[in-house]
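Notes to accompany the following structure.
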Amino acid sequence: MKILQILPALGQGGVERGTIEIAQALTAAGIPSGVVSAGGPMTRALEKLGVRHYTLPTNSKNPFVLAKNAGAIAKIAATEGYTLMHVRSRAPAWSVKWASKECGVPWMATFHGVYGLSPRCLKLPYNRVMLQGVRTIAVSDYVRRHILENYEVDSTKVVRIHRGADVNIFRPDAVSAEDALAKKTQQYHFAPDIPVITLPGRLTRWKGQEVFLEAVRLMRHKRVGLLFLGSDQGRVDYSDHLREMASSLSNETQVVFRDHSREIERVYALSEIVVNASTAQPEAFGRTIPEAQAMGCLVLGTAHGGACETIEDGVTGFLVPPGDAAAMARRLDEMLDMSAEAKAKMREAAIASVRNNFSVAKMCERTLELYRSLHGE
């Protein structure tokens with residue numbers, strides 16, 4: 001067995017991280033593998049693993065480039081002895097489909113999100129390529145239901161494998177209390193005793209930052225720290241709007257906006273509560289929730305999409321209706337009022353849930369099992 005993964009590029013997103021995690025698991029299992037992409041900073045991780053990277057313009061949607069990529073991928077698969085190709089995005093999936101016909105190597109895909117369907121006459125045929133390999137992985141039950149409701153496909157070919165948090169990195173003892181306090185006070189300049197509520201995610205309307213700020217305005221607890229962790233990616237009008245909303249909050253509320261953090265586990269360590277506030281567009285899975293849970297944070301999510309799978313309401317976190325600022329405010333107040341015993345019980349349940357169901361190790365184990373089953377077909 002020899003696996004070739006194909007994706008647009010190796011930047012910093014969840015698709016890229018999943019690719020590296022599977023490459024690591026394959027290497028650990030003694031299974032040779034390679035990756036095709038347009039390149040990017042994560043190629044260094046492959047180099048450390050000794051995994052071959054093939055640079056092709058797989059980030060292009062140009063039909064002529066897709067056809068040229070198909071020929072190159074077919075040649076790589078045939079000459080290097082790959083036995084299965086695993087593609088993670090629609091445009092390169094067309095190249096992989098054509099390459100498979102040329103070289104005879106089977107292929108599969110991962111649906112990492114819910115793709116747009118409008119206009120259906122164009123989007124459905126374009127998206128459907130992700131279902132034309134020997135199997136398709138859906139990253140959550142929500143994504144699997146979406147696939148089965150919108151595409152004509154054999155349900156047995158669509159396999160749900162949750163994405164996961166790396167519990168070797170995200171664990172309660174990963175960051176000392178002293179280090180967390182230093183980051184809280186020195187880097188983010190919060191008062192040492194103020195409870196911090198963190199909303200990680202790029203600044204875009206569907207992530208729900210406006211709803212979250214309105215919820216904070218409605219809260220009884222005014223003395224809280226708010227940490228927005230994510231870039232506006234050029235949406236300056238929206239980020240300016242959020243800062244204006246933040247400026248109208250109580251003087252007791254400290255608000256910090258930061259583009260990103262290279263050590264997100266340290267951010268979770270200083271956070272009392274981590275919020276996922278997505279509104280009209282649900283999260284396909286949403287890694288920030290299980291990552292925060294694995295660190296022992298209290299979490300609050302909106303009751304749609306992948307959050308309904310990673311949060312058991314009232315047990316491993318809390319859910320509120322999407323877009324309901326008043327409900328979010330009430331729940332945040334209740335979370336801050338919880339007894340130390342109740343918080344500890346919820347944290348323990350959340351940590352156990354991630355370790356048992358939503359870890360990177362589980363994701364890799366199930367993916368490699370799928371590879372092996374396909375190799376035997």
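Convention: chains lettered A, B, ... in structure tokens order; per-chain residue numbering from 1; ligands numbered from 1 as shown.
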Distance query segment 290-293 of chain A at most 6 Å, only C-alpha atoms, self and fewer than 5 positions along chain excluded, as JSON, numbers by chain: {"A": [165, 170, 268, 350, 351, 354]}
Dump as a PDB file, in the first residue's frame, selection limited to all heavy atoms:
ATOM      1  N   ALA A 165      -8.842  16.823  17.460  1.00  0.00           N
ATOM      2  CA  ALA A 165      -7.869  17.650  18.172  1.00  0.00           C
ATOM      3  C   ALA A 165      -6.688  16.780  18.574  1.00  0.00           C
ATOM      4  O   ALA A 165      -6.859  15.610  18.928  1.00  0.00           O
ATOM      5  CB  ALA A 165      -8.510  18.266  19.417  1.00  0.00           C
ATOM      6  N   PHE A 170      -3.130  19.536  22.971  1.00  0.00           N
ATOM      7  CA  PHE A 170      -4.248  20.146  23.691  1.00  0.00           C
ATOM      8  C   PHE A 170      -4.642  19.245  24.862  1.00  0.00           C
ATOM      9  O   PHE A 170      -5.423  18.315  24.738  1.00  0.00           O
ATOM     10  CB  PHE A 170      -5.425  20.380  22.740  1.00  0.00           C
ATOM     11  CG  PHE A 170      -5.088  21.281  21.585  1.00  0.00           C
ATOM     12  CD1 PHE A 170      -4.850  20.766  20.323  1.00  0.00           C
ATOM     13  CD2 PHE A 170      -4.958  22.648  21.771  1.00  0.00           C
ATOM     14  CE1 PHE A 170      -4.524  21.582  19.264  1.00  0.00           C
ATOM     15  CE2 PHE A 170      -4.614  23.485  20.718  1.00  0.00           C
ATOM     16  CZ  PHE A 170      -4.396  22.948  19.464  1.00  0.00           C
ATOM     17  N   TYR A 268      -6.034  29.049  24.883  1.00  0.00           N
ATOM     18  CA  TYR A 268      -7.056  28.275  25.586  1.00  0.00           C
ATOM     19  C   TYR A 268      -6.765  28.208  27.085  1.00  0.00           C
ATOM     20  O   TYR A 268      -7.677  28.270  27.910  1.00  0.00           O
ATOM     21  CB  TYR A 268      -7.136  26.865  25.016  1.00  0.00           C
ATOM     22  CG  TYR A 268      -7.620  26.768  23.584  1.00  0.00           C
ATOM     23  CD1 TYR A 268      -7.051  25.843  22.710  1.00  0.00           C
ATOM     24  CD2 TYR A 268      -8.636  27.584  23.101  1.00  0.00           C
ATOM     25  CE1 TYR A 268      -7.488  25.736  21.393  1.00  0.00           C
ATOM     26  CE2 TYR A 268      -9.070  27.490  21.784  1.00  0.00           C
ATOM     27  CZ  TYR A 268      -8.490  26.561  20.935  1.00  0.00           C
ATOM     28  OH  TYR A 268      -8.916  26.459  19.634  1.00  0.00           O
ATOM     29  N   ALA A 350     -15.861  16.856  29.141  1.00  0.00           N
ATOM     30  CA  ALA A 350     -15.446  17.343  27.828  1.00  0.00           C
ATOM     31  C   ALA A 350     -14.108  16.731  27.408  1.00  0.00           C
ATOM     32  O   ALA A 350     -13.934  16.304  26.267  1.00  0.00           O
ATOM     33  CB  ALA A 350     -15.347  18.868  27.842  1.00  0.00           C
ATOM     34  N   ILE A 351     -13.158  16.674  28.340  1.00  0.00           N
ATOM     35  CA  ILE A 351     -11.851  16.088  28.041  1.00  0.00           C
ATOM     36  C   ILE A 351     -12.006  14.624  27.645  1.00  0.00           C
ATOM     37  O   ILE A 351     -11.427  14.160  26.653  1.00  0.00           O
ATOM     38  CB  ILE A 351     -10.902  16.230  29.248  1.00  0.00           C
ATOM     39  CG1 ILE A 351     -10.539  17.707  29.469  1.00  0.00           C
ATOM     40  CG2 ILE A 351      -9.634  15.397  29.061  1.00  0.00           C
ATOM     41  CD1 ILE A 351      -9.883  17.992  30.809  1.00  0.00           C
ATOM     42  N   VAL A 354     -13.530  14.250  24.065  1.00  0.00           N
ATOM     43  CA  VAL A 354     -12.575  14.489  22.975  1.00  0.00           C
ATOM     44  C   VAL A 354     -11.627  13.308  22.837  1.00  0.00           C
ATOM     45  O   VAL A 354     -11.378  12.814  21.722  1.00  0.00           O
ATOM     46  CB  VAL A 354     -11.780  15.789  23.212  1.00  0.00           C
ATOM     47  CG1 VAL A 354     -10.694  15.950  22.158  1.00  0.00           C
ATOM     48  CG2 VAL A 354     -12.717  16.994  23.179  1.00  0.00           C
TER      49      VAL A 354
END
Helix (DSSP H, G or I) residues, from DSSP on the backbone, in segment 84-174 of chain A, as a count of residues only: 39
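Interatomic distance, atom CA of Pro200 of chain A against atom CA of Tyr142 of chain A: 21.3 Å.
Distances from A:Lys61, A:Arg202, A:Arg160, A:Arg258 to Arg366 of chain A were compared using only C-alpha atoms, and the smallest one belongs to A:Arg160.
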Surrounding residues of Phe111 of chain A excluding itself and chain neighbours under 5 positions, 8 Å, only C-alpha atoms, as a ChimeraX atom specification: /A:88-89,130,136-139,143
Contacts of Thr110 of chain A within 12 Å, only C-alpha atoms, excl. fewer than 6 positions in-chain, as number ranges by chain: A: 5-7, 15, 18-19, 85-90, 92-93, 127, 129-140, 143-144, 147, 157-163, 367
What are the DSSP strand (DSSP E) residues of segment 147-240 of chain A, as a short mmCIF file (atom, residue, chain, number, x, y, z; two decimals) with all heavy atoms, in the first residue's frame?
data_model
loop_
_atom_site.label_atom_id
_atom_site.label_comp_id
_atom_site.auth_asym_id
_atom_site.auth_seq_id
_atom_site.Cartn_x
_atom_site.Cartn_y
_atom_site.Cartn_z
N VAL A 158 -20.27 6.80 1.44
CA VAL A 158 -19.97 8.04 2.18
C VAL A 158 -19.73 7.68 3.65
O VAL A 158 -20.65 7.27 4.36
CB VAL A 158 -21.10 9.06 2.05
CG1 VAL A 158 -20.72 10.38 2.74
CG2 VAL A 158 -21.44 9.31 0.59
N VAL A 159 -18.50 7.83 4.08
CA VAL A 159 -18.07 7.40 5.41
C VAL A 159 -17.79 8.62 6.28
O VAL A 159 -17.03 9.50 5.89
CB VAL A 159 -16.79 6.55 5.31
CG1 VAL A 159 -16.36 6.06 6.68
CG2 VAL A 159 -16.99 5.38 4.35
N ARG A 160 -18.41 8.66 7.46
CA ARG A 160 -18.14 9.78 8.37
C ARG A 160 -16.92 9.47 9.23
O ARG A 160 -16.88 8.48 9.95
CB ARG A 160 -19.35 10.05 9.26
CG ARG A 160 -19.20 11.32 10.12
CD ARG A 160 -18.62 11.05 11.49
NE ARG A 160 -19.57 10.34 12.32
CZ ARG A 160 -19.24 9.43 13.22
NH1 ARG A 160 -17.98 9.08 13.41
NH2 ARG A 160 -20.17 8.82 13.94
N VAL A 196 -11.62 35.54 31.06
CA VAL A 196 -11.48 35.82 29.64
C VAL A 196 -12.38 34.90 28.83
O VAL A 196 -12.37 33.67 29.01
CB VAL A 196 -10.02 35.67 29.18
CG1 VAL A 196 -9.90 35.86 27.66
CG2 VAL A 196 -9.13 36.68 29.91
N ILE A 197 -13.14 35.49 27.92
CA ILE A 197 -13.99 34.75 27.00
C ILE A 197 -13.38 34.93 25.60
O ILE A 197 -13.26 36.06 25.12
CB ILE A 197 -15.44 35.25 27.01
CG1 ILE A 197 -16.00 35.25 28.44
CG2 ILE A 197 -16.31 34.39 26.10
CD1 ILE A 197 -17.38 35.89 28.57
N THR A 198 -13.01 33.84 24.97
CA THR A 198 -12.29 33.90 23.69
C THR A 198 -13.18 33.42 22.55
O THR A 198 -13.86 32.40 22.67
CB THR A 198 -11.02 33.03 23.75
OG1 THR A 198 -10.14 33.58 24.73
CG2 THR A 198 -10.31 33.00 22.40
N LEU A 199 -13.16 34.18 21.44
CA LEU A 199 -13.83 33.76 20.22
C LEU A 199 -12.76 33.65 19.13
O LEU A 199 -12.33 34.64 18.57
CB LEU A 199 -14.93 34.74 19.81
CG LEU A 199 -15.95 34.20 18.78
CD1 LEU A 199 -17.24 35.01 18.83
CD2 LEU A 199 -15.41 34.17 17.36
N PRO A 200 -12.27 32.42 18.86
CA PRO A 200 -11.28 32.25 17.80
C PRO A 200 -11.96 32.11 16.44
O PRO A 200 -13.07 31.59 16.33
CB PRO A 200 -10.58 30.94 18.18
CG PRO A 200 -11.53 30.22 19.07
CD PRO A 200 -12.56 31.18 19.56
N GLY A 225 -13.08 39.83 30.16
CA GLY A 225 -12.17 40.12 29.07
C GLY A 225 -12.63 39.39 27.83
O GLY A 225 -13.01 38.21 27.90
N LEU A 226 -12.61 40.06 26.70
CA LEU A 226 -12.99 39.45 25.42
C LEU A 226 -11.77 39.39 24.53
O LEU A 226 -11.11 40.41 24.30
CB LEU A 226 -14.09 40.27 24.73
CG LEU A 226 -15.33 40.65 25.54
CD1 LEU A 226 -16.31 41.41 24.64
CD2 LEU A 226 -15.99 39.42 26.14
N LEU A 227 -11.48 38.21 24.01
CA LEU A 227 -10.34 38.04 23.10
C LEU A 227 -10.85 37.54 21.76
O LEU A 227 -11.37 36.43 21.66
CB LEU A 227 -9.33 37.06 23.69
CG LEU A 227 -8.12 36.72 22.80
CD1 LEU A 227 -7.37 37.97 22.38
CD2 LEU A 227 -7.19 35.74 23.52
N PHE A 228 -10.71 38.38 20.74
CA PHE A 228 -11.04 38.00 19.36
C PHE A 228 -9.74 37.60 18.68
O PHE A 228 -8.83 38.43 18.55
CB PHE A 228 -11.70 39.17 18.62
CG PHE A 228 -13.07 39.51 19.12
CD1 PHE A 228 -13.24 40.39 20.19
CD2 PHE A 228 -14.21 38.96 18.53
CE1 PHE A 228 -14.50 40.70 20.66
CE2 PHE A 228 -15.47 39.28 18.99
CZ PHE A 228 -15.62 40.15 20.05
N LEU A 229 -9.67 36.36 18.25
CA LEU A 229 -8.43 35.85 17.69
C LEU A 229 -8.66 35.43 16.25
O LEU A 229 -9.17 34.34 15.98
CB LEU A 229 -7.94 34.67 18.53
CG LEU A 229 -6.47 34.29 18.37
CD1 LEU A 229 -5.56 35.38 18.89
CD2 LEU A 229 -6.19 32.99 19.11
#
Residues within 12 Å of segment 239-252 of chain A, only C-alpha atoms, excluding chain neighbours under 5 positions, as a ChimeraX atom specification: /A:190-191,194-195,202-205,208-234,257-259
Selection from above, N, CA, C and O atoms, as a short mmCIF file (atom, residue, chain, number, x, y, z; two decimals), in the first residue's frame, can you write it?
data_model
loop_
_atom_site.label_atom_id
_atom_site.label_comp_id
_atom_site.auth_asym_id
_atom_site.auth_seq_id
_atom_site.Cartn_x
_atom_site.Cartn_y
_atom_site.Cartn_z
N PHE A 190 -4.65 41.72 29.93
CA PHE A 190 -5.86 41.59 30.74
C PHE A 190 -5.46 41.68 32.22
O PHE A 190 -4.34 41.32 32.60
N ALA A 191 -6.40 42.14 33.04
CA ALA A 191 -6.19 42.10 34.49
C ALA A 191 -6.05 40.64 34.92
O ALA A 191 -6.70 39.76 34.36
N ILE A 194 -9.43 38.76 35.84
CA ILE A 194 -10.62 38.92 35.02
C ILE A 194 -10.86 37.63 34.22
O ILE A 194 -9.93 37.04 33.67
N PRO A 195 -12.12 37.12 34.16
CA PRO A 195 -12.39 35.93 33.35
C PRO A 195 -12.37 36.29 31.86
O PRO A 195 -13.02 37.26 31.44
N ARG A 202 -11.54 33.68 11.99
CA ARG A 202 -11.36 34.88 11.17
C ARG A 202 -12.57 35.80 11.30
O ARG A 202 -13.69 35.36 11.54
N LEU A 203 -12.32 37.10 11.10
CA LEU A 203 -13.37 38.09 11.26
C LEU A 203 -14.22 38.16 9.99
O LEU A 203 -13.87 38.82 9.01
N THR A 204 -15.32 37.44 10.02
CA THR A 204 -16.28 37.44 8.92
C THR A 204 -17.66 37.24 9.52
O THR A 204 -17.81 36.61 10.58
N ARG A 205 -18.69 37.82 8.88
CA ARG A 205 -20.01 37.91 9.52
C ARG A 205 -20.57 36.56 9.96
O ARG A 205 -21.19 36.46 11.02
N GLY A 208 -20.14 35.15 13.49
CA GLY A 208 -21.00 35.58 14.59
C GLY A 208 -20.41 36.53 15.60
O GLY A 208 -20.93 36.67 16.71
N GLN A 209 -19.35 37.26 15.24
CA GLN A 209 -18.76 38.19 16.21
C GLN A 209 -19.74 39.28 16.64
O GLN A 209 -19.73 39.69 17.81
N GLU A 210 -20.59 39.74 15.71
CA GLU A 210 -21.57 40.78 16.06
C GLU A 210 -22.55 40.26 17.11
O GLU A 210 -22.88 40.97 18.08
N VAL A 211 -23.03 39.04 16.92
CA VAL A 211 -23.98 38.44 17.87
C VAL A 211 -23.31 38.30 19.24
O VAL A 211 -23.91 38.60 20.28
N PHE A 212 -22.06 37.87 19.23
CA PHE A 212 -21.33 37.70 20.48
C PHE A 212 -21.18 39.04 21.22
O PHE A 212 -21.40 39.12 22.43
N LEU A 213 -20.82 40.10 20.50
CA LEU A 213 -20.67 41.41 21.14
C LEU A 213 -22.01 41.92 21.69
O LEU A 213 -22.05 42.52 22.77
N GLU A 214 -23.08 41.68 20.94
CA GLU A 214 -24.40 42.07 21.44
C GLU A 214 -24.75 41.27 22.69
O GLU A 214 -25.33 41.81 23.65
N ALA A 215 -24.39 39.98 22.71
CA ALA A 215 -24.64 39.15 23.89
C ALA A 215 -23.88 39.70 25.10
O ALA A 215 -24.43 39.78 26.21
N VAL A 216 -22.63 40.09 24.90
CA VAL A 216 -21.84 40.64 26.01
C VAL A 216 -22.47 41.93 26.53
O VAL A 216 -22.50 42.18 27.74
N ARG A 217 -23.01 42.74 25.62
CA ARG A 217 -23.68 43.98 26.04
C ARG A 217 -24.87 43.68 26.94
O ARG A 217 -25.17 44.44 27.88
N LEU A 218 -25.54 42.55 26.70
CA LEU A 218 -26.74 42.17 27.46
C LEU A 218 -26.42 41.43 28.75
O LEU A 218 -27.32 41.22 29.57
N MET A 219 -25.19 41.01 28.95
CA MET A 219 -24.84 40.20 30.12
C MET A 219 -24.92 40.98 31.43
O MET A 219 -24.69 42.19 31.46
N ARG A 220 -25.23 40.26 32.51
CA ARG A 220 -25.15 40.85 33.85
C ARG A 220 -23.70 41.09 34.24
O ARG A 220 -23.37 42.11 34.85
N HIS A 221 -22.87 40.12 33.93
CA HIS A 221 -21.44 40.24 34.24
C HIS A 221 -20.81 41.23 33.26
O HIS A 221 -20.79 40.98 32.06
N LYS A 222 -20.32 42.29 33.77
CA LYS A 222 -19.67 43.31 32.93
C LYS A 222 -18.15 43.21 32.98
O LYS A 222 -17.47 43.58 32.02
N ARG A 223 -17.64 42.74 34.10
CA ARG A 223 -16.19 42.68 34.25
C ARG A 223 -15.67 41.37 33.65
O ARG A 223 -15.44 40.38 34.34
N VAL A 224 -15.51 41.39 32.35
CA VAL A 224 -14.98 40.23 31.61
C VAL A 224 -13.97 40.73 30.58
O VAL A 224 -13.99 41.89 30.17
N GLY A 225 -13.08 39.83 30.16
CA GLY A 225 -12.17 40.12 29.07
C GLY A 225 -12.63 39.39 27.83
O GLY A 225 -13.01 38.21 27.90
N LEU A 226 -12.61 40.06 26.70
CA LEU A 226 -12.99 39.45 25.42
C LEU A 226 -11.77 39.39 24.53
O LEU A 226 -11.11 40.41 24.30
N LEU A 227 -11.48 38.21 24.01
CA LEU A 227 -10.34 38.04 23.10
C LEU A 227 -10.85 37.54 21.76
O LEU A 227 -11.37 36.43 21.66
N PHE A 228 -10.71 38.38 20.74
CA PHE A 228 -11.04 38.00 19.36
C PHE A 228 -9.74 37.60 18.68
O PHE A 228 -8.83 38.43 18.55
N LEU A 229 -9.67 36.36 18.25
CA LEU A 229 -8.43 35.85 17.69
C LEU A 229 -8.66 35.43 16.25
O LEU A 229 -9.17 34.34 15.98
N GLY A 230 -8.31 36.30 15.30
CA GLY A 230 -8.49 35.98 13.90
C GLY A 230 -8.31 37.21 13.03
O GLY A 230 -8.65 38.33 13.43
N SER A 231 -7.83 36.99 11.82
CA SER A 231 -7.58 38.07 10.88
C SER A 231 -8.88 38.49 10.19
O SER A 231 -9.78 37.66 9.99
N ASP A 232 -8.95 39.77 9.77
CA ASP A 232 -10.10 40.21 8.97
C ASP A 232 -9.90 39.89 7.49
O ASP A 232 -10.82 40.05 6.69
N GLN A 233 -8.70 39.42 7.11
CA GLN A 233 -8.39 39.01 5.73
C GLN A 233 -8.84 40.07 4.71
O GLN A 233 -9.38 39.75 3.66
N GLY A 234 -8.62 41.33 5.08
CA GLY A 234 -8.95 42.43 4.19
C GLY A 234 -10.35 43.00 4.37
O GLY A 234 -10.68 44.01 3.74
N PHE A 257 -8.31 42.57 20.24
CA PHE A 257 -8.35 41.96 18.92
C PHE A 257 -6.92 41.59 18.52
O PHE A 257 -6.03 42.44 18.58
N ARG A 258 -6.71 40.34 18.09
CA ARG A 258 -5.42 39.91 17.58
C ARG A 258 -5.63 39.05 16.33
O ARG A 258 -6.59 38.30 16.25
N ASP A 259 -4.70 39.15 15.40
CA ASP A 259 -4.84 38.43 14.14
C ASP A 259 -4.78 36.92 14.31
O ASP A 259 -5.54 36.18 13.70
#
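Checking A:Val51, A:Ala25, A:Gly113, A:Leu181 one by one against Glu369 of chain A, counting only C-alpha atoms, you find the shortest gap at A:Ala25.
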Test item: residues at most 12 Å from Gly30 of chain A, only C-alpha atoms, excluding those fewer than 5 positions along its chain, as a PyMOL selection string: chain A and resi 1-3+23-25+49-51+368
Restricting it to all heavy atoms, dump the selection as a short mmCIF file (atom, residue, chain, number, x, y, z; two decimals), in the first residue's frame.
data_model
loop_
_atom_site.label_atom_id
_atom_site.label_comp_id
_atom_site.auth_asym_id
_atom_site.auth_seq_id
_atom_site.Cartn_x
_atom_site.Cartn_y
_atom_site.Cartn_z
N MET A 1 0.85 -1.19 0.00
CA MET A 1 0.00 0.00 0.00
C MET A 1 0.88 1.24 0.00
O MET A 1 1.86 1.33 0.76
CB MET A 1 -0.91 0.00 1.22
CG MET A 1 -1.90 1.16 1.26
SD MET A 1 -3.27 0.91 2.41
CE MET A 1 -2.42 0.84 3.97
N LYS A 2 0.54 2.20 -0.86
CA LYS A 2 1.27 3.46 -0.95
C LYS A 2 0.26 4.55 -1.30
O LYS A 2 -0.43 4.46 -2.32
CB LYS A 2 2.37 3.37 -2.01
CG LYS A 2 3.36 4.54 -1.99
CD LYS A 2 4.51 4.28 -2.95
CE LYS A 2 5.56 5.40 -2.89
NZ LYS A 2 6.69 5.16 -3.81
N ILE A 3 0.15 5.56 -0.44
CA ILE A 3 -0.93 6.56 -0.53
C ILE A 3 -0.41 7.88 -1.07
O ILE A 3 0.61 8.40 -0.59
CB ILE A 3 -1.58 6.79 0.85
CG1 ILE A 3 -1.99 5.47 1.50
CG2 ILE A 3 -2.76 7.75 0.74
CD1 ILE A 3 -3.02 4.69 0.73
N ALA A 23 -0.27 12.07 6.91
CA ALA A 23 1.09 11.72 6.49
C ALA A 23 1.91 11.23 7.67
O ALA A 23 2.67 10.25 7.55
CB ALA A 23 1.76 12.93 5.83
N GLN A 24 1.76 11.88 8.83
CA GLN A 24 2.47 11.44 10.03
C GLN A 24 2.04 10.04 10.44
O GLN A 24 2.88 9.19 10.79
CB GLN A 24 2.21 12.43 11.18
CG GLN A 24 2.87 13.79 11.00
CD GLN A 24 2.42 14.80 12.03
OE1 GLN A 24 1.29 14.74 12.53
NE2 GLN A 24 3.29 15.74 12.36
N ALA A 25 0.71 9.80 10.41
CA ALA A 25 0.20 8.48 10.81
C ALA A 25 0.65 7.39 9.86
O ALA A 25 1.00 6.28 10.29
CB ALA A 25 -1.34 8.53 10.87
N LEU A 49 9.30 14.61 7.89
CA LEU A 49 8.81 13.23 7.93
C LEU A 49 9.48 12.35 6.89
O LEU A 49 9.35 11.12 6.93
CB LEU A 49 7.29 13.22 7.68
CG LEU A 49 6.39 13.78 8.77
CD1 LEU A 49 4.97 13.94 8.25
CD2 LEU A 49 6.40 12.85 9.99
N GLY A 50 10.13 12.97 5.94
CA GLY A 50 10.69 12.21 4.83
C GLY A 50 9.65 11.81 3.81
O GLY A 50 9.84 10.84 3.06
N VAL A 51 8.55 12.57 3.76
CA VAL A 51 7.46 12.30 2.81
C VAL A 51 7.69 13.13 1.55
O VAL A 51 7.90 14.34 1.62
CB VAL A 51 6.09 12.63 3.45
CG1 VAL A 51 4.97 12.54 2.41
CG2 VAL A 51 5.80 11.68 4.61
N LEU A 368 -6.80 5.27 8.23
CA LEU A 368 -5.92 4.18 7.81
C LEU A 368 -6.67 2.86 7.69
O LEU A 368 -6.37 2.05 6.81
CB LEU A 368 -4.73 4.05 8.77
CG LEU A 368 -3.46 4.82 8.36
CD1 LEU A 368 -3.72 6.31 8.27
CD2 LEU A 368 -2.31 4.55 9.34
#
Using only C-alpha atoms: which of A:Arg44, A:His375, A:Asp193, A:Ser95 has the shortest distance to Pro63 of chain A: A:Ser95
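Among the candidate residues A:Glu334, A:Gln281, A:Thr288, A:Leu319, the one lying nearest to Thr302 of chain A is A:Leu319, with distances computed using only C-alpha atoms.
Among the candidates A:Val275, A:Leu336, A:Leu270, A:Ile31, the residue lying nearest to Lys183 of chain A is A:Leu270 (atoms considered: only C-alpha atoms).
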